[in-house]
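Here is input-v1.cif, consisting of mmCIF, C-alpha atoms and all ligand atoms:
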data_entry
loop_
_atom_site.label_atom_id
_atom_site.label_comp_id
_atom_site.auth_asym_id
_atom_site.auth_seq_id
_atom_site.Cartn_x
_atom_site.Cartn_y
_atom_site.Cartn_z
CA PHE R 1 3.92 -2.99 -5.82
CA THR R 2 2.03 -5.77 -4.01
CA SER R 3 2.30 -5.90 -0.20
CA GLY R 4 4.61 -8.91 -0.52
CA LYS R 5 7.04 -7.09 -2.81
CA LEU R 6 6.92 -3.94 -0.68
CA LYS R 7 7.56 -6.02 2.42
CA GLY R 8 10.52 -7.64 0.68
CA MET R 9 12.05 -4.25 -0.13
CA PHE R 10 11.39 -2.82 3.35
CA GLY R 11 14.81 -3.82 4.74
CA THR R 12 16.54 -2.07 1.82
CA VAL R 13 14.73 1.19 2.66
CA GLU R 14 15.41 0.79 6.38
CA ILE R 15 19.17 0.71 5.81
CA VAL R 16 18.90 4.14 4.15
CA ALA R 17 16.68 5.45 6.96
CA ASP R 18 19.30 4.34 9.49
CA LYS R 19 21.95 6.31 7.60
CA MET R 20 19.79 9.43 7.87
CA VAL R 21 19.19 8.91 11.60
CA ASN R 22 22.93 8.37 12.17
CA TYR R 23 23.68 11.56 10.27
CA LEU R 24 21.18 13.56 12.34
CA ASN R 25 22.48 12.03 15.59
CA GLU R 26 26.03 13.00 14.68
CA GLN R 27 24.95 16.55 13.91
CA LEU R 28 22.93 16.88 17.06
CA ALA R 29 24.35 16.07 20.48
CA GLU R 30 21.88 14.96 23.16
CA GLY R 31 19.79 17.93 24.29
CA ASP R 32 21.32 20.15 21.62
CA VAL R 33 19.33 22.50 19.38
CA LYS R 34 20.23 23.07 15.74
CA GLU R 35 18.46 24.31 12.63
CA PHE R 36 18.11 21.95 9.67
CA GLU R 37 16.91 22.56 6.16
CA MET R 38 14.42 19.68 6.11
CA LYS R 39 13.95 19.75 2.34
CA HIS R 40 17.66 19.08 1.97
CA VAL R 41 17.67 16.28 4.57
CA MET R 42 14.61 14.59 3.08
CA GLY R 43 15.84 15.11 -0.49
CA THR R 44 19.09 13.39 0.46
CA TYR R 45 17.14 10.55 2.08
CA ALA R 46 14.86 10.22 -0.97
CA ILE R 47 17.76 10.12 -3.43
CA ASP R 48 19.49 7.38 -1.42
CA VAL R 49 16.27 5.30 -1.31
CA ILE R 50 15.92 5.74 -5.08
CA ALA R 51 19.59 4.91 -5.69
CA SER R 52 19.31 1.77 -3.59
CA LEU R 53 15.81 0.57 -4.47
CA PHE R 54 15.67 1.50 -8.15
CA PHE R 55 19.29 1.47 -9.30
CA GLY R 56 20.79 -1.04 -6.87
CA LEU R 57 23.49 1.41 -5.71
CA GLU R 58 24.38 1.55 -2.03
CA ILE R 59 25.49 5.11 -1.46
CA ASN R 60 25.47 7.50 1.47
CA SER R 61 24.74 10.98 0.14
CA PHE R 62 24.82 12.39 3.67
CA LEU R 63 28.55 11.59 3.80
CA GLU R 64 29.47 11.65 0.08
CA PRO R 65 27.64 14.55 -1.56
CA ASN R 66 29.46 14.03 -4.87
CA ASN R 67 28.37 10.50 -5.70
CA GLU R 68 27.29 9.33 -9.15
CA ILE R 69 23.52 9.40 -8.68
CA LEU R 70 23.50 12.83 -7.00
CA ASN R 71 25.46 14.18 -9.95
CA VAL R 72 22.85 12.79 -12.36
CA SER R 73 20.08 14.21 -10.18
CA ARG R 74 21.69 17.67 -10.24
CA LYS R 75 21.87 17.44 -14.05
CA VAL R 76 18.15 16.54 -14.28
CA ASN R 77 17.15 19.49 -12.11
CA GLU R 78 19.58 22.01 -13.62
CA PRO R 79 17.43 24.97 -14.70
CA THR R 80 19.32 25.87 -17.89
CA PHE R 81 17.53 27.69 -20.72
CA GLY R 82 17.70 24.55 -22.87
CA SER R 83 16.30 22.24 -20.20
CA VAL R 84 13.40 24.61 -19.46
CA VAL R 85 12.51 24.87 -23.18
CA ARG R 86 12.78 21.12 -23.69
CA GLY R 87 10.84 20.25 -20.50
CA THR R 88 8.04 22.65 -21.44
CA CYS R 89 7.85 21.20 -24.97
CA GLN R 90 7.75 17.63 -23.62
CA PHE R 91 4.56 18.61 -21.77
CA LEU R 92 2.90 20.95 -24.25
CA TYR R 93 4.16 19.74 -27.66
CA PRO R 94 5.35 16.15 -27.14
CA SER R 95 5.61 15.54 -30.89
CA LEU R 96 8.55 18.00 -31.02
CA GLU R 97 10.58 15.49 -28.98
CA LYS R 98 11.17 13.30 -32.05
CA LEU R 99 12.48 16.33 -33.94
CA PHE R 100 14.88 17.23 -31.11
CA ILE R 101 16.24 13.67 -31.08
CA ARG R 102 16.66 13.69 -34.88
CA MET R 103 18.52 16.99 -34.55
CA GLY R 104 20.94 15.19 -32.22
CA TRP R 105 19.93 17.20 -29.13
CA ARG R 106 20.81 14.63 -26.47
CA GLU R 107 19.98 15.03 -22.81
CA GLN R 108 22.89 13.99 -20.63
CA ALA R 109 21.07 12.71 -17.53
CA PRO R 110 19.05 9.87 -19.15
CA ASN R 111 22.25 8.69 -20.85
CA MET R 112 24.11 8.67 -17.55
CA MET R 113 21.27 6.68 -15.95
CA ARG R 114 21.24 4.23 -18.86
CA GLN R 115 24.94 3.57 -18.32
CA ILE R 116 24.43 2.94 -14.60
CA VAL R 117 21.59 0.51 -15.32
CA GLN R 118 23.56 -1.32 -18.04
CA ARG R 119 26.58 -1.67 -15.78
CA THR R 120 24.57 -2.95 -12.80
CA ILE R 121 22.56 -5.46 -14.84
CA LYS R 122 25.77 -6.79 -16.40
CA MET R 123 27.40 -7.16 -12.98
CA ARG R 124 24.37 -8.90 -11.45
CA GLU R 125 24.04 -11.30 -14.36
CA GLU R 126 27.74 -12.14 -14.51
CA GLN R 127 28.11 -12.61 -10.77
CA ASN R 128 24.65 -14.09 -10.27
CA ILE R 129 23.74 -11.44 -7.68
CA SER R 130 20.13 -11.14 -6.50
CA ARG R 131 18.94 -8.18 -4.45
CA LYS R 132 15.50 -7.18 -3.21
CA ASP R 133 14.88 -4.06 -5.26
CA MET R 134 12.98 -2.69 -8.27
CA LEU R 135 15.86 -3.28 -10.67
CA GLN R 136 15.80 -6.96 -9.74
CA LEU R 137 12.04 -7.14 -10.47
CA LEU R 138 12.54 -5.51 -13.87
CA MET R 139 15.41 -7.91 -14.60
CA GLN R 140 13.07 -10.77 -13.67
CA LEU R 141 10.48 -9.40 -16.08
CA ARG R 142 13.11 -9.09 -18.81
CA ASN R 143 14.67 -12.50 -18.33
CA LYS R 144 11.63 -14.60 -17.40
CA GLY R 145 8.82 -12.74 -19.16
CA GLU R 146 6.92 -12.08 -15.92
CA ILE R 147 7.33 -11.01 -12.30
CA SER R 148 6.98 -14.00 -10.02
CA ALA R 149 3.81 -14.20 -7.90
CA ASP R 150 5.95 -15.84 -5.22
CA ASP R 151 7.10 -12.95 -3.04
CA ASN R 152 10.17 -14.91 -1.91
CA ASP R 153 11.36 -15.44 -5.47
CA TRP R 154 13.65 -12.59 -6.51
CA SER R 155 15.75 -14.61 -8.91
CA ALA R 156 16.17 -13.16 -12.39
CA LYS R 157 18.11 -16.03 -13.90
CA ALA R 158 17.03 -16.53 -17.52
CA GLY R 159 15.48 -19.85 -18.59
CA ASN R 160 16.64 -21.81 -21.65
CA ASP R 161 14.32 -20.04 -24.07
CA ALA R 162 15.58 -16.63 -23.02
CA SER R 163 14.10 -14.32 -25.66
CA LYS R 164 14.35 -11.18 -23.46
CA PRO R 165 11.16 -9.38 -24.48
CA MET R 166 12.20 -6.25 -22.60
CA SER R 167 15.25 -4.23 -23.58
CA ILE R 168 17.72 -2.70 -21.14
CA GLU R 169 16.64 0.60 -22.68
CA THR R 170 13.06 0.01 -21.49
CA ILE R 171 14.27 -0.93 -18.00
CA ALA R 172 16.40 2.22 -17.84
CA SER R 173 13.56 4.46 -19.02
CA ASN R 174 11.14 2.98 -16.47
CA LEU R 175 13.66 3.51 -13.68
CA PHE R 176 14.23 7.06 -14.91
CA LEU R 177 10.46 7.65 -14.78
CA PHE R 178 10.35 6.28 -11.21
CA TYR R 179 13.14 8.67 -10.30
CA VAL R 180 11.40 11.69 -11.87
CA ALA R 181 8.01 10.76 -10.34
CA GLY R 182 9.33 9.68 -6.94
CA PHE R 183 12.12 12.04 -5.91
CA GLU R 184 10.57 15.45 -5.46
CA THR R 185 7.16 14.06 -4.42
CA THR R 186 8.64 11.99 -1.59
CA ALA R 187 11.07 14.66 -0.39
CA SER R 188 8.47 17.44 -0.34
CA GLY R 189 5.75 15.19 1.16
CA ILE R 190 7.86 14.38 4.22
CA SER R 191 9.27 17.92 4.51
CA PHE R 192 5.84 19.58 4.44
CA THR R 193 4.60 17.11 7.06
CA ALA R 194 7.52 18.04 9.32
CA PHE R 195 6.91 21.73 8.57
CA GLU R 196 3.25 21.51 9.66
CA LEU R 197 4.01 19.33 12.71
CA ALA R 198 6.67 21.83 13.82
CA GLN R 199 3.89 24.44 14.06
CA GLN R 200 1.35 22.21 15.77
CA PRO R 201 2.73 20.84 19.05
CA ALA R 202 -0.51 18.97 19.85
CA ALA R 203 -0.43 17.09 16.54
CA LEU R 204 3.30 16.44 16.96
CA GLU R 205 2.70 14.91 20.38
CA LYS R 206 -0.13 12.81 18.96
CA VAL R 207 1.98 11.47 16.12
CA GLN R 208 4.86 10.68 18.49
CA ARG R 209 2.44 8.73 20.71
CA ASP R 210 1.04 6.96 17.65
CA VAL R 211 4.51 5.84 16.49
CA LYS R 212 5.54 4.79 20.01
CA GLN R 213 2.38 2.73 20.56
CA ALA R 214 2.69 1.02 17.19
CA LEU R 215 6.31 0.12 17.91
CA GLU R 216 5.42 -1.23 21.36
CA LYS R 217 2.78 -3.42 19.76
CA HIS R 218 5.45 -4.86 17.47
CA ASP R 219 8.17 -5.64 20.07
CA ASN R 220 9.80 -2.26 19.39
CA LYS R 221 10.79 -3.46 15.94
CA PHE R 222 10.43 -1.10 13.01
CA THR R 223 8.69 -3.31 10.46
CA TYR R 224 6.32 -3.11 7.50
CA GLU R 225 3.51 -4.32 9.82
CA ALA R 226 4.37 -1.72 12.50
CA ILE R 227 4.01 1.07 9.94
CA GLN R 228 0.51 -0.20 9.04
CA ASP R 229 -0.45 0.49 12.67
CA MET R 230 0.74 4.11 12.62
CA LYS R 231 -2.74 5.39 11.82
CA TYR R 232 -2.34 9.01 12.88
CA LEU R 233 0.92 9.29 10.94
CA GLU R 234 -0.98 8.13 7.87
CA LEU R 235 -3.66 10.81 8.43
CA CYS R 236 -0.87 13.40 8.64
CA LEU R 237 0.57 12.29 5.31
CA MET R 238 -2.91 12.27 3.77
CA GLU R 239 -3.47 15.84 4.92
CA THR R 240 -0.07 16.92 3.60
CA THR R 241 -0.78 15.45 0.15
CA ARG R 242 -4.13 17.28 0.30
CA LYS R 243 -2.75 20.71 1.16
CA TYR R 244 0.51 20.34 -0.80
CA PRO R 245 -0.20 17.91 -3.65
CA GLY R 246 3.08 16.37 -4.85
CA LEU R 247 1.96 16.97 -8.43
CA PRO R 248 -0.10 20.15 -8.69
CA ILE R 249 -1.91 18.99 -11.85
CA LEU R 250 -3.25 15.87 -13.59
CA ASN R 251 -2.99 15.53 -17.38
CA ARG R 252 -5.66 13.90 -19.48
CA GLN R 253 -6.92 13.93 -23.07
CA CYS R 254 -10.61 14.15 -23.93
CA THR R 255 -11.67 10.86 -25.60
CA ARG R 256 -15.07 11.97 -26.93
CA ASP R 257 -16.90 15.26 -27.42
CA TYR R 258 -18.19 16.37 -24.04
CA PRO R 259 -20.86 19.11 -23.72
CA LEU R 260 -20.24 20.96 -20.45
CA PRO R 261 -23.42 20.92 -18.35
CA ASP R 262 -25.36 24.21 -18.13
CA SER R 263 -23.37 25.85 -20.92
CA ASN R 264 -22.99 25.93 -24.71
CA LEU R 265 -19.39 24.80 -24.52
CA VAL R 266 -18.23 21.45 -25.87
CA ILE R 267 -14.81 19.99 -25.07
CA LYS R 268 -13.75 18.43 -28.36
CA GLU R 269 -12.36 14.94 -28.62
CA GLY R 270 -8.56 15.03 -28.52
CA THR R 271 -8.34 18.21 -26.42
CA PRO R 272 -5.53 18.03 -23.84
CA ILE R 273 -6.95 18.66 -20.35
CA ILE R 274 -5.19 19.96 -17.26
CA ILE R 275 -6.95 19.32 -13.95
CA SER R 276 -5.70 21.51 -11.11
CA LEU R 277 -5.23 19.31 -8.04
CA PHE R 278 -3.92 22.34 -6.22
CA GLY R 279 -7.17 24.18 -7.00
CA LEU R 280 -9.41 21.26 -6.00
CA HIS R 281 -7.53 20.46 -2.81
CA ARG R 282 -7.64 24.04 -1.59
CA ASP R 283 -11.28 24.70 -2.52
CA ALA R 284 -13.43 25.42 0.55
CA ASN R 285 -16.42 23.78 -1.18
CA TYR R 286 -14.69 20.42 -0.87
CA PHE R 287 -12.35 20.94 2.08
CA PRO R 288 -13.67 23.39 4.71
CA ASP R 289 -10.92 25.73 5.98
CA PRO R 290 -8.58 24.48 3.27
CA MET R 291 -5.52 26.36 4.52
CA LEU R 292 -5.75 24.65 7.91
CA TRP R 293 -3.69 21.46 8.11
CA GLN R 294 -6.06 19.13 9.97
CA PRO R 295 -5.33 15.39 9.78
CA GLU R 296 -8.57 14.78 11.69
CA ARG R 297 -10.67 15.95 8.72
CA PHE R 298 -10.29 12.46 7.25
CA VAL R 299 -11.69 10.84 10.41
CA ASN R 300 -14.51 13.34 10.81
CA GLN R 301 -15.38 12.92 7.11
CA ASN R 302 -15.13 16.68 6.87
CA TYR R 303 -14.33 16.69 3.15
CA ASP R 304 -15.57 15.56 -0.24
CA PRO R 305 -13.74 12.30 -1.09
CA VAL R 306 -14.39 12.73 -4.83
CA ALA R 307 -12.24 15.88 -4.84
CA TYR R 308 -9.34 14.19 -3.03
CA MET R 309 -6.94 12.80 -5.65
CA PRO R 310 -3.35 13.25 -4.43
CA PHE R 311 -2.24 10.15 -6.36
CA GLY R 312 -4.49 10.75 -9.36
CA ALA R 313 -7.37 8.53 -10.45
CA GLY R 314 -8.25 5.67 -12.77
CA PRO R 315 -5.96 3.20 -14.52
CA ARG R 316 -3.06 5.69 -14.73
CA HIS R 317 -3.03 6.60 -11.05
CA CYS R 318 0.30 6.69 -9.18
CA ILE R 319 1.85 3.24 -8.75
CA ALA R 320 3.30 4.34 -5.41
CA GLN R 321 -0.02 5.20 -3.74
CA ARG R 322 0.15 2.19 -1.44
C1 LIG R 401 3.90 11.35 -1.93
C2 LIG R 401 4.47 10.88 -3.01
C3 LIG R 401 3.81 10.85 -4.37
C4 LIG R 401 2.74 11.56 -4.86
C5 LIG R 401 1.89 12.60 -4.13
C6 LIG R 401 2.54 11.13 -6.23
C7 LIG R 401 1.55 11.61 -7.08
C8 LIG R 401 1.34 11.18 -8.38
C9 LIG R 401 0.29 11.67 -9.26
C10 LIG R 401 -0.74 12.75 -8.90
C11 LIG R 401 0.40 11.03 -10.44
C12 LIG R 401 -0.50 11.21 -11.68
C13 LIG R 401 -1.60 10.16 -11.65
C14 LIG R 401 -2.73 10.38 -12.63
O1 LIG R 401 -2.55 11.07 -13.66
O2 LIG R 401 -3.86 9.88 -12.40
C15 LIG R 401 1.51 10.10 -10.32
C16 LIG R 401 1.91 9.24 -11.32
C17 LIG R 401 2.98 8.38 -11.20
N1 LIG R 401 3.75 8.18 -10.09
FE1 LIG R 401 3.57 9.10 -8.29
N2 LIG R 401 3.48 10.19 -6.55
C18 LIG R 401 4.27 9.99 -5.44
C19 LIG R 401 5.33 9.12 -5.34
C20 LIG R 401 5.79 8.29 -6.34
C21 LIG R 401 6.92 7.38 -6.24
C22 LIG R 401 7.79 7.21 -4.99
C23 LIG R 401 7.01 6.75 -7.43
C24 LIG R 401 8.02 5.73 -7.86
C25 LIG R 401 8.01 4.51 -7.50
C26 LIG R 401 5.94 7.21 -8.27
C27 LIG R 401 5.71 6.77 -9.56
C28 LIG R 401 4.71 7.24 -10.39
C29 LIG R 401 4.54 6.80 -11.77
C30 LIG R 401 5.38 5.76 -12.51
C31 LIG R 401 3.44 7.51 -12.27
C32 LIG R 401 2.85 7.41 -13.69
C33 LIG R 401 1.78 6.34 -13.72
C34 LIG R 401 1.17 6.18 -15.11
O3 LIG R 401 1.17 7.14 -15.89
O4 LIG R 401 0.67 5.08 -15.39
N3 LIG R 401 5.21 8.16 -7.58
N4 LIG R 401 2.07 10.22 -9.06
#

Turn the structure described in the file into structure tokens.
Ligand code: HEM
Amino acid sequence: FTSGKLKGMFGTVEIVADKMVNYLNEQLAEGDVKEFEMKHVMGTYAIDVIASLFFGLEINSFLEPNNEILNVSRKVNEPTFGSVVRGTCQFLYPSLEKLFIRMGWREQAPNMMRQIVQRTIKMREEQNISRKDMLQLLMQLRNKGEISADDNDWSAKAGNDASKPMSIETIASNLFLFYVAGFETTASGISFTAFELAQQPAALEKVQRDVKQALEKHDNKFTYEAIQDMKYLELCLMETTRKYPGLPILNRQCTRDYPLPDSNLVIKEGTPIIISLFGLHRDANYFPDPMLWQPERFVNQNYDPVAYMPFGAGPRHCIAQR
């Protein structure tokens, strides 16, 4: 996730963004008015970015709503009794997971994803295909033992002493984690931003001006560098992740006995801790008028930065923060 790697993958994301814009243009004639369910539009966009960037699949879910990756995604999010029980246990009693596996209780979606990853890796290796995406970086790590510091080097061709320290299983489970962590968070982050902007014409106008000016500065080309200059847009996204944190909680485990100040209570070593981001981000002590969506609060320093943790904190913070 260095700037160089992100820059390299930018074109891959842009192709998906173009598909979304084409879809919206087709739905909406010039000057026309139509209602859209933004969560659906942005969820479709997010799944296509994930399919392309993580799994190396070029799909268009706007036009083909029954493609392979959408079917897996529906399976993951299916709220069956079994999936709710298992999901809750994975969070609250993770040790039960081993028992479930021993009992032969297989989850379908991770298996389906594993097959997609296996198939794509095989195809890329056999046909010597290199593509600028996350799968390629993980293949590089598997085949060469490290990810190249040279941002132009995306080759994953194994050397002579190819010991392959990383299994396909590990690649597939990392990509599955990226999917789980990145799908809903991205889709809801953009949707909530659109939702707030739709209610605040002044902010909408400001963000449109911001985007236009940044594009003008970069020869009207939509590039990685142009996005860095969209400062007000960034403030809007910051404020959305404040008011609507993509993950409502952080999980931690207490590593040594901790006496709570001004009380007789001690949090014992080993205690699982849940930190409510939702609670912190909507607490008037840290963010005055917390229910107001005000991108300017980050410019006016009208908040407590210590309480702002939309991407978590410390060594396990979100890899996608940048
Ligand atoms: C607006 C979008 C996103 C938000 C608000 C968000 C938020 C978070 C938060 C709060 C955590 C927990 C961090 C902690 O415990 O300190 C996290 C972890 C993580 N996120 Fe994100 N995330 C977003 C997008 C993504 C995307 C697109 C990806 C995939 C590339 C991703 C991958 C991860 C991973 C792998 C972790 C676990 C890191 C670890 O445990 O070491 N996130 N994210």

Can you build me a table of chain R residues sitting at most 6 Å from ligand LIG 401 (chain R), with the closest atom pair per residue and its distance in Å to one decimal, using all atoms listed in the file, sorted by chain and residue number, as a tab-separated table?
residue	atom	partner	partner_atom	distance
R:Leu177	CA	R:LIG401	C30	5.9
R:Phe178	CA	R:LIG401	C24	4.1
R:Ala181	CA	R:LIG401	C26	4.6
R:Gly182	CA	R:LIG401	C21	3.4
R:Thr185	CA	R:LIG401	C2	4.4
R:Thr186	CA	R:LIG401	C2	4.5
R:Gly189	CA	R:LIG401	C1	5.3
R:Thr241	CA	R:LIG401	C5	5.8
R:Pro245	CA	R:LIG401	C5	5.7
R:Gly246	CA	R:LIG401	C5	4.0
R:Leu247	CA	R:LIG401	C10	5.0
R:Leu250	CA	R:LIG401	O1	4.9
R:Asn251	CA	R:LIG401	O1	5.8
R:Pro310	CA	R:LIG401	C10	5.2
R:Phe311	CA	R:LIG401	C10	3.9
R:Gly312	CA	R:LIG401	O2	3.2
R:Ala313	CA	R:LIG401	O2	4.2
R:Arg316	CA	R:LIG401	O4	3.8
R:His317	CA	R:LIG401	O2	3.6
R:Cys318	CA	R:LIG401	C16	3.7
R:Ile319	CA	R:LIG401	C28	5.2
R:Ala320	CA	R:LIG401	C20	4.8

Please identify all polymer residues within 8 Å of range 29-46 of chain R, counting only C-alpha atoms, omitting same-chain residues fewer than 2 positions from it, and present them as JSON, numbers by chain.
-> {"R": [16, 17, 20, 25, 26, 27, 48, 49, 50, 61, 62, 183, 184, 186, 187, 188, 190, 191, 194]}

So what do you get for CA of Tyr224 in chain R versus CA of Leu6 in chain R, distance-wise?
->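 Calculated distance between CA of Tyr224 in chain R and CA of Leu6 in chain R is 8.2 Å.
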
Between R:Leu237, R:Leu175, R:Ile274, R:Ile47, which has the minimum distance to Gln253 in chain R (counting only C-alpha atoms)?
->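 Among R:Leu237, R:Leu175, R:Ile274, R:Ile47, it is R:Ile274 that comes nearest to Gln253 in chain R.
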
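Shortest separation to Trp105 in chain R among R:Ser3, R:Gln118, R:Ser83, R:Ser73 occurs at residue R:Ser83, atoms counted being all atoms listed in the file.
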
Since the input lacks atoms, please generate N, CA and C atoms for range 221-245 of chain R and provide them as an mmCIF file, in the coordinates of the input.
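After the write, selection21.cif holds the following:
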data_model
loop_
_atom_site.group_PDB
_atom_site.id
_atom_site.type_symbol
_atom_site.label_atom_id
_atom_site.label_comp_id
_atom_site.auth_asym_id
_atom_site.auth_seq_id
_atom_site.Cartn_x
_atom_site.Cartn_y
_atom_site.Cartn_z
ATOM 1 N N LYS R 221 10.069 -3.248 17.207
ATOM 2 C CA LYS R 221 10.790 -3.460 15.940
ATOM 3 C C LYS R 221 10.119 -2.631 14.849
ATOM 4 N N PHE R 222 10.953 -1.942 14.080
ATOM 5 C CA PHE R 222 10.430 -1.100 13.010
ATOM 6 C C PHE R 222 10.216 -1.971 11.779
ATOM 7 N N THR R 223 8.968 -2.376 11.552
ATOM 8 C CA THR R 223 8.690 -3.310 10.460
ATOM 9 C C THR R 223 7.597 -2.755 9.541
ATOM 10 N N TYR R 224 7.399 -3.448 8.432
ATOM 11 C CA TYR R 224 6.320 -3.110 7.500
ATOM 12 C C TYR R 224 4.980 -3.133 8.236
ATOM 13 N N GLU R 225 4.778 -4.177 9.077
ATOM 14 C CA GLU R 225 3.510 -4.320 9.820
ATOM 15 C C GLU R 225 3.357 -3.186 10.832
ATOM 16 N N ALA R 226 4.458 -2.785 11.497
ATOM 17 C CA ALA R 226 4.370 -1.720 12.500
ATOM 18 C C ALA R 226 3.896 -0.424 11.830
ATOM 19 N N ILE R 227 4.405 -0.161 10.638
ATOM 20 C CA ILE R 227 4.010 1.070 9.940
ATOM 21 C C ILE R 227 2.499 1.070 9.645
ATOM 22 N N GLN R 228 1.946 -0.117 9.328
ATOM 23 C CA GLN R 228 0.510 -0.200 9.040
ATOM 24 C C GLN R 228 -0.313 0.250 10.259
ATOM 25 N N ASP R 229 0.277 0.110 11.454
ATOM 26 C CA ASP R 229 -0.450 0.490 12.670
ATOM 27 C C ASP R 229 -0.254 1.951 13.062
ATOM 28 N N MET R 230 0.530 2.689 12.302
ATOM 29 C CA MET R 230 0.740 4.110 12.620
ATOM 30 C C MET R 230 -0.357 4.921 11.933
ATOM 31 N N LYS R 231 -1.559 4.841 12.506
ATOM 32 C CA LYS R 231 -2.740 5.390 11.820
ATOM 33 C C LYS R 231 -2.735 6.917 11.765
ATOM 34 N N TYR R 232 -2.307 7.546 12.877
ATOM 35 C CA TYR R 232 -2.340 9.010 12.880
ATOM 36 C C TYR R 232 -1.281 9.572 11.930
ATOM 37 N N LEU R 233 -0.135 8.885 11.877
ATOM 38 C CA LEU R 233 0.920 9.290 10.940
ATOM 39 C C LEU R 233 0.374 9.259 9.505
ATOM 40 N N GLU R 234 -0.407 8.234 9.211
ATOM 41 C CA GLU R 234 -0.980 8.130 7.870
ATOM 42 C C GLU R 234 -1.926 9.306 7.589
ATOM 43 N N LEU R 235 -2.747 9.663 8.619
ATOM 44 C CA LEU R 235 -3.660 10.810 8.430
ATOM 45 C C LEU R 235 -2.854 12.082 8.146
ATOM 46 N N CYS R 236 -1.710 12.209 8.854
ATOM 47 C CA CYS R 236 -0.870 13.400 8.640
ATOM 48 C C CYS R 236 -0.378 13.452 7.194
ATOM 49 N N LEU R 237 0.069 12.312 6.689
ATOM 50 C CA LEU R 237 0.570 12.290 5.310
ATOM 51 C C LEU R 237 -0.562 12.543 4.312
ATOM 52 N N MET R 238 -1.757 12.018 4.646
ATOM 53 C CA MET R 238 -2.910 12.270 3.770
ATOM 54 C C MET R 238 -3.197 13.768 3.697
ATOM 55 N N GLU R 239 -3.146 14.411 4.887
ATOM 56 C CA GLU R 239 -3.470 15.840 4.920
ATOM 57 C C GLU R 239 -2.381 16.659 4.216
ATOM 58 N N THR R 240 -1.137 16.203 4.316
ATOM 59 C CA THR R 240 -0.070 16.920 3.600
ATOM 60 C C THR R 240 -0.280 16.792 2.090
ATOM 61 N N THR R 241 -0.596 15.588 1.611
ATOM 62 C CA THR R 241 -0.780 15.450 0.150
ATOM 63 C C THR R 241 -2.066 16.156 -0.309
ATOM 64 N N ARG R 242 -2.945 16.473 0.648
ATOM 65 C CA ARG R 242 -4.130 17.280 0.300
ATOM 66 C C ARG R 242 -3.709 18.753 0.143
ATOM 67 N N LYS R 243 -3.063 19.280 1.193
ATOM 68 C CA LYS R 243 -2.750 20.710 1.160
ATOM 69 C C LYS R 243 -1.605 21.039 0.197
ATOM 70 N N TYR R 244 -0.658 20.113 0.081
ATOM 71 C CA TYR R 244 0.510 20.340 -0.800
ATOM 72 C C TYR R 244 0.626 19.180 -1.778
ATOM 73 N N PRO R 245 -0.271 19.075 -2.766
ATOM 74 C CA PRO R 245 -0.200 17.910 -3.650
ATOM 75 C C PRO R 245 1.169 17.803 -4.330
#
